[in-house]
Every structure is written in structure tokens, then in C-alpha cells.
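Reviewing the structure listed below.
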Amino acid sequence: MSTPSMAATHDVTAAPHDVDLTHARWQKSSYSGGANDCVEVAELGEHAAVRDSKDIDRRPLLFSKPAMRALVSGIANGSISER
């Protein structure tokens, strides 16, 4: 099993206050069952925004597309897991 390449530190950041999220289309996993105990993701051009569904007023994290692909791939293949 290969480990996804780790993104550079600048590929993930808290969303700056000037990022307009008013028209972001937030999606949560179909596995959430409608509960507010998961993360939500919105595609924003060259980035993906991720927020906690329990605290939507907190600024989300912004991931570059390569960093988001590495994160999802690492979770899917088990190289990134809860410890």
C-alpha cells in the first residue's frame, strides 16, 4: 500500500476572513444519518473548505485540491487514521 504524498504546510489553512462562503454548497456524508456530528465539505474553485457541522460559525479549513485528495486517499487506504 502506498502512502499519499503529504501536502506542504501551506496547502491547509484556516479560511481568511475575506473568503466569501455565502454561496458555498456544503455537503455532508451520506453516512452521517442527518445528525450534526460530522464534517461538511464545500468545493471552492482551487480549494475545498471543511467545517465542523456542530460549529458552522467557526472559520473552516481550506485545503488545496492536491492536499484534499491526499487526505481522502489516506483515510480511504488506512494510512491516515484516528489514533
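By convention in this document, the chains of the C-alpha cells carry letters A, B, ... by their order, each chain's residues are numbered from 1, and ligands are numbered from 1 in the order they are shown.
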Exercise. Would you mind listing what lies within 8 Å of A:Ala48 as a list in words, with only C-alpha atoms counted and same-chain residues fewer than 3 positions away left out?
Key: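 Here the qualifying residues turn out to be Val41, Ala42, Glu43, Leu44, Gly45, Leu62, Phe63, Ser64, Lys65 and Met68 of chain A.
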Selection file, N, CA and C atoms, as a short mmCIF file (atom, residue, chain, number, x, y, z; two decimals), in the first residue's frame:
data_model
loop_
_atom_site.label_atom_id
_atom_site.label_comp_id
_atom_site.auth_asym_id
_atom_site.auth_seq_id
_atom_site.Cartn_x
_atom_site.Cartn_y
_atom_site.Cartn_z
N VAL A 41 -18.14 19.56 3.61
CA VAL A 41 -17.15 19.97 2.63
C VAL A 41 -17.83 20.82 1.57
N ALA A 42 -17.14 21.88 1.13
CA ALA A 42 -17.62 22.71 0.02
C ALA A 42 -16.47 22.90 -0.96
N GLU A 43 -16.77 22.76 -2.23
CA GLU A 43 -15.75 22.98 -3.26
C GLU A 43 -15.71 24.46 -3.59
N LEU A 44 -14.50 25.03 -3.57
CA LEU A 44 -14.31 26.47 -3.81
C LEU A 44 -13.22 26.67 -4.85
N GLY A 45 -13.50 26.41 -6.09
CA GLY A 45 -12.50 26.61 -7.13
C GLY A 45 -11.29 25.73 -6.93
N LEU A 62 -9.23 25.50 4.82
CA LEU A 62 -9.14 25.46 3.37
C LEU A 62 -8.02 24.51 2.99
N PHE A 63 -8.29 23.58 2.11
CA PHE A 63 -7.31 22.63 1.59
C PHE A 63 -7.13 22.90 0.11
N SER A 64 -5.89 22.85 -0.37
CA SER A 64 -5.68 22.87 -1.81
C SER A 64 -6.27 21.56 -2.34
N LYS A 65 -6.57 21.52 -3.63
CA LYS A 65 -7.12 20.29 -4.20
C LYS A 65 -6.17 19.10 -4.01
N MET A 68 -6.38 17.95 -0.38
CA MET A 68 -7.65 17.28 -0.08
C MET A 68 -7.65 15.87 -0.65
#
Quiz item: Smallest atom-to-atom distance to A:Leu71: which of A:Cys38, A:Ala24, A:Val12, A:Val19, using only C-alpha atoms?
Solution: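 So, comparing all the options, the nearest one is A:Val12.
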Exercise. Using only C-alpha atoms, find the one residue out of A:Thr13, A:Ser32, A:Ser73, A:Ile80 that sits nearest to A:His47.
Key: A:Thr13
Quiz prompt | Separation of atom CA of A:Ala14 from atom CA of A:Asp37 in Å | solution = 20.1 Å
Quiz item: Do you know which residues are at most 10 Å from A:Val39 counting only C-alpha atoms, after dropping those on the same chain fewer than 5 positions away, and could you put them as a PyMOL selection string?
Solution: chain A and resi 26-29+32+50-56+60
